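Asker: Take this structure first; my questions come after.
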Amino acid sequence: MDLLLQRIFDAITNGSTYALIAVAMVLIFKATTLINFAQGEQAMLGAFAVLQLWNWGIPMWWAVIIGMLFSAALAAGLERAFIRKFDPTDHLPLVIITLGLFLVINAIAAIIWRFDPQSFPQLFPSGNAFTYNNVRLSWYSIFAFGSCVLVLLIFQTLLTKTKVGLAFRAVSSNLESSRLSGINIGPTLQFGWALAAAAGTLGASIYAANPVLQIEPSMMLRALIFSVTAAALGGLDSLWGALIGGLTIGFVQSVVVQYIPFIPNEMSLSAAVVVLLIVLTLRPSGVLGTRTVERV
Amino acid sequence: MLQRVQSTNETRSERNYQVAKWACFVISLLLIAFAYVDVGTISIGSNNYNLSLIRLNKAIAYTIAILGLQVVIGYTGQIALGQSFFFGTGAYISAWLIADHSWPFLLTLLIVVPSCFLLGMVLGLPALRIRGLYLALLTFGLAAVFPSIVKLDKLYSYTGGAGGKLTSNYKFIAPAWLPFDEVAQALQKIPLLGGFFGDGPLSTREESRLWKYILFSLIAGLCFWLVHNLIHSRPGRAMRAIRDNETSAATSGVNLAITKTLSFGVASALGGVGGAIYVAEVGIASPDDFSSLVAIYLIVGLVVGGVGTLPGAVVGGLIYALVPDWASSTQSISFVPERWLQGPTGSLILGILLIVLTLFLPGGVVAGWRRLKSKMIAKQ
């Protein structure tokens with residue numbers, strides 16, 4: 001029983017970090033129906049920027065905020081330079097461009113910071129908030145989950161209460177009509193990219209701040225698969241779906257896989273892919289996503 | 001349709017031109033083989049670039065895998081990123097048969113091709129419901145899990161776990177009737193150019209390397225011929241119809257399910273053949289040779305060569321086999337800080353190539369070459 005509870009807590013911890021990256025994916029997908037394969041790498045670069053700022057002596061949370069601003073500006077630049085000129089309905093060139101960004105960003109990060117894992121500053125108070133027999137709920141888990149919910153609330157408000165949020169929702173609902181009604185499409189999508197990158201950087205910083213993990217250039221590859229699965233599970237165009245998807249994937253990874261004897265522990269990534277396969281086959285638009293109808 | 005009419009009406013001189021072109025191609029392949037059969041290096045500045053047949057044999061393996069991607073992405077328009085999964089499957093099946101059952105290499109292809117074909121069809125089934133980006137996601141996930149599957153403890157006796165499966169018990173021995181030695185000696189006697197072909201008779205090791213190169217080239221040639229025929233046949237036209245517009249292809253009577261699964265099967269089988277050749281060349285199947293990075297590099301090869309062109313696969317295979325290797329053997333260039341040369345420079349270059357070509361030359365090197373050629377002809 002203790003073990004189960006502990007594993008559920010682990011699931012919430014992992015799930016929240018996956019959800020933060022998944023939220024970034026969802027934002028970009030909502031706007032452009034594009035899956036950004038470079039999202040994880042952008043987030044990793046942002047987290048490295050945070051680490052660098054912290055090493056230079058900037059207070060931790062300021063470093064995180066500056067890092068988020070930096071990666072938002074970078075993402076806005078990338079969108080303008082590489083994404084905007086392509087037709088959003090033709091997926092292949094866009095997938096290829098984001099794969100190219102994946103390689104380039106990963107290589108640049110490895111060239112600047114090398115492959116050796118480095119320890120990341122503690123963003124949250126260490127120690128446990130709650131101990132019962134052998135069950136420990138660390139402050140890290142609480143804050144990770146809390147920041148995930150907070151980010152979602154901020155995004156929700158931003159998208160529903162502000163003018164640029166309205167424009168963003170209009171574009172994601174119907175690109176042609178919103179262009180006809182005078183919305184400037186390009187900058188609106190750019191805004192979406194920037195927002196997504198900022199969320200991703202926060203997610204990667206929290207992920208790397210996990211006491212048991214270290215930061216290294218390839219750390220986001222596994223997280224990318226988990227987050228993508230989370231995003232697809234929740235429905236690729238639903239913000240709160242990302243949270244549900246993230247928690248489900250965390251649950252599968254930390255609880256379900258542990259209790260099924262014939263799945264070895266290192267198969268959690270494969271379990272995520274199997275979940276992705278089942279979800280996409282049975283319900284391609286995810287749990288909370290909107291269905292698309294093809295017109296001829 | 002137009003192309004067919006033109007090709008049946010081609011004149012005698014045109015046909016002679018084609019024959020001469022292919023003959024030149026084959027002869028130059030053979031000359032390259034003899035010139036680089038001993039470990040050949042080119043030195044630029046203080047850097048040595050490896051150009052031996054080992055690289056070219058790897059390039060052939062990648063070429064065949066990229067040819068598979070041409071079928072599924074280039075001609076059927078399904079964004080399947082997981083070619084490294086099938087590349088690895090083919091490699092491991094072949095390695096297992098060679099190492100544990102002492103099969104000869106060519107015989108293992110008889111198992112590799114059908115099993116990868118079936119596996120590709122089965123894994124292609126979700127593609128009937130999943131489209132575009134979702135398919136890209138799923139196939140990328142497949143590529144990402146392959147190394148952890150072969151590292152499973154339960155498969156240890158088949159795959160050799162993290163250490164990999166050695167296949168060095170099988171040696172490629174050139175058949176005695178092939179006059180390698182005589183040809184090499186004759187080439188060495190050519191005035192001026194003879195020095196390029198080394199000196200003295202070939203060692204057994206060089207002969208076996210040469211034999212591998214010729215054998216792999218023949219397999220690659222066979223694959224190209226089959227794929228070319230497939231593309232120009234009825235199922236191939238159905239594939240292209242699906243790529244251009246799925247809905248209208250369905251309304252004009254194309255069976256989407258059969259055509260898509262067929263193209264997945266063909267692509268996977270080609271990936272498997274590529275993997276088997278890769279293992280035959282390298283001598284070991286190890287999990288990290290089939291990571292998701294390999295899947296992305298194969299996509300780079302596809303894009304650089306040109307999506308939807310058959311010769312593009314050759315260009316792509318060469319790029320994949322040579323660029324990362326040369327980038328890591330470049331140790332010093334003046335004006336460039338060393339730090340930028342010691343990191344994953346190959347990956348950086350391939351990523352930049354991917355972005356630049358997609359932005360400025362969407363058809364890849366082959367389309368660029370064709371455009372250049374038509375401009376030259378128009379000027380005359």
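In the structure tokens, each chain is lettered A, B, ... as it comes, each chain's residues begin at 1, and ligands are numbered from 1 in order of appearance.
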Can you pull out the residues contacting segment 35-39 of chain A? Cut-off 6 Å, using only C-alpha atoms, and skip same-chain residues under 4 positions away; I want them as number ranges by chain.

Answerer: A: 29, 98-99, 101-102

Asker: Just the selected residues (all heavy atoms), exported as a short mmCIF file (atom, residue, chain, number, x, y, z; two decimals), in the first residue's frame, please.

Answerer:
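Final file, result-v4.cif:
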data_model
loop_
_atom_site.label_atom_id
_atom_site.label_comp_id
_atom_site.auth_asym_id
_atom_site.auth_seq_id
_atom_site.Cartn_x
_atom_site.Cartn_y
_atom_site.Cartn_z
N PHE A 29 0.35 23.21 -31.83
CA PHE A 29 -0.57 22.43 -32.66
C PHE A 29 -1.89 23.17 -32.85
O PHE A 29 -2.45 23.20 -33.94
CB PHE A 29 -0.84 21.06 -32.04
CG PHE A 29 -1.65 20.18 -32.93
CD1 PHE A 29 -1.03 19.40 -33.89
CD2 PHE A 29 -3.03 20.14 -32.84
CE1 PHE A 29 -1.77 18.61 -34.74
CE2 PHE A 29 -3.78 19.35 -33.68
CZ PHE A 29 -3.14 18.58 -34.63
N THR A 98 11.35 21.02 -38.69
CA THR A 98 11.50 20.91 -37.24
C THR A 98 12.51 19.81 -36.89
O THR A 98 13.23 19.93 -35.90
CB THR A 98 10.16 20.62 -36.53
OG1 THR A 98 9.61 19.42 -37.04
CG2 THR A 98 9.18 21.75 -36.72
N LEU A 99 12.60 18.76 -37.73
CA LEU A 99 13.64 17.76 -37.48
C LEU A 99 15.03 18.37 -37.66
O LEU A 99 15.96 18.09 -36.90
CB LEU A 99 13.48 16.57 -38.43
CG LEU A 99 12.37 15.58 -38.10
CD1 LEU A 99 12.28 14.51 -39.17
CD2 LEU A 99 12.60 14.93 -36.76
N LEU A 101 15.78 21.53 -37.14
CA LEU A 101 16.02 22.35 -35.95
C LEU A 101 16.43 21.47 -34.78
O LEU A 101 17.32 21.83 -34.00
CB LEU A 101 14.75 23.13 -35.58
CG LEU A 101 14.38 24.27 -36.50
CD1 LEU A 101 13.06 24.88 -36.09
CD2 LEU A 101 15.46 25.33 -36.48
N PHE A 102 15.80 20.31 -34.69
CA PHE A 102 16.14 19.34 -33.64
C PHE A 102 17.65 19.04 -33.68
O PHE A 102 18.36 19.18 -32.69
CB PHE A 102 15.32 18.07 -33.88
CG PHE A 102 15.63 16.91 -32.98
CD1 PHE A 102 14.85 16.66 -31.88
CD2 PHE A 102 16.68 16.06 -33.26
CE1 PHE A 102 15.12 15.59 -31.06
CE2 PHE A 102 16.95 14.99 -32.44
CZ PHE A 102 16.17 14.75 -31.33
#

Asker: Need the shell around Trp103 of chain B: protein/DNA/RNA residues with any atom at most 12 Å away, counting only C-alpha atoms. Skip same-chain ones fewer than 4 positions apart. Format as a PyMOL selection string?

Answerer: chain B and resi 93-99+107-111+167+169-171

Asker: So that each row is one residue of chain B with an atom at most 8 Å from chain A, can you give its shortest atom pair and the distance in Å to one decimal, using only C-alpha atoms, rows by chain and rising number, as a Markdown table?

Answerer:
| residue | atom | partner | partner_atom | distance |
| --- | --- | --- | --- | --- |
| B:Ile79 | CA | A:Leu92 | CA | 6.7 |
| B:Pro126 | CA | A:Thr281 | CA | 6.0 |
| B:Arg129 | CA | A:Thr281 | CA | 6.3 |
| B:Ile130 | CA | A:Leu280 | CA | 6.6 |
| B:Gly132 | CA | A:His91 | CA | 6.7 |
| B:Leu133 | CA | A:Ile35 | CA | 6.7 |
| B:Tyr134 | CA | A:Leu280 | CA | 7.5 |
| B:Leu137 | CA | A:Val228 | CA | 7.6 |
| B:Leu138 | CA | A:Leu277 | CA | 6.7 |
| B:Gly141 | CA | A:Val273 | CA | 5.8 |
| B:Leu142 | CA | A:Val273 | CA | 7.0 |
| B:Ala144 | CA | A:Ile225 | CA | 7.9 |
| B:Val145 | CA | A:Ser270 | CA | 5.6 |
| B:Ser148 | CA | A:Met267 | CA | 6.8 |
| B:Ile149 | CA | A:Met267 | CA | 7.5 |
| B:Leu152 | CA | A:Pro264 | CA | 7.7 |
| B:Thr247 | CA | A:Val296 | CA | 7.3 |
| B:Ile296 | CA | A:Leu99 | CA | 7.1 |
| B:Ile299 | CA | A:Ile96 | CA | 7.9 |
| B:Arg339 | CA | A:Ile111 | CA | 6.6 |
| B:Trp340 | CA | A:Ile111 | CA | 6.1 |
| B:Gln342 | CA | A:Ile111 | CA | 7.7 |
| B:Gly343 | CA | A:Ile111 | CA | 4.9 |
| B:Pro344 | CA | A:Ala107 | CA | 5.6 |
| B:Thr345 | CA | A:Ala107 | CA | 6.9 |
| B:Ser347 | CA | A:Leu103 | CA | 6.0 |
| B:Leu348 | CA | A:Val104 | CA | 4.8 |
| B:Ile349 | CA | A:Val104 | CA | 7.7 |
| B:Leu350 | CA | A:Leu103 | CA | 7.5 |
| B:Gly351 | CA | A:Gly100 | CA | 4.4 |
| B:Ile352 | CA | A:Val104 | CA | 6.5 |
| B:Leu353 | CA | A:Gly100 | CA | 7.9 |
| B:Leu354 | CA | A:Gly100 | CA | 5.4 |
| B:Ile355 | CA | A:Ile97 | CA | 5.4 |
| B:Thr358 | CA | A:Pro93 | CA | 6.5 |
| B:Leu359 | CA | A:Phe82 | CA | 7.5 |

Asker: Could you check how far atom CA of Ile142 of chain A sits from atom CA of Ala49 of chain A, in Å to one decimal?

Answerer: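 Distance reported for this atom pair: 24.7 Å.
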
Asker: Output as a list in words all residues of segment 8-147 of chain A that backbone DSSP marks as strand (DSSP E).

Answerer: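 Result set for segment 8-147 of chain A (strand (DSSP E)): Asn128, Ala129, Phe130, Thr131, Tyr132, Val135, Arg136, Leu137 and Ser138 of chain A.
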
Asker: If you count only C-alpha atoms, which residues fall within 8 Å of Ser126 of chain A, apart from same-chain ones fewer than 3 positions away, as a list in words?

Answerer: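 My list of contacting residues is Gln122, Ser138, Trp139 and Tyr140 of chain A.
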
Asker: Pick out each residue of segment 98-175 of chain A that DSSP on the backbone tags as helix (DSSP H, G or I); I need them as a PyMOL selection string.

Answerer: chain A and resi 98-113+139-161+163-173+175

Asker: Grab the atom CA of Val113 of chain B to atom CA of Ile319 of chain B distance for me, in Å with one decimal place.

Answerer: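 Calculated distance between atom CA of Val113 of chain B and atom CA of Ile319 of chain B is 25.2 Å.
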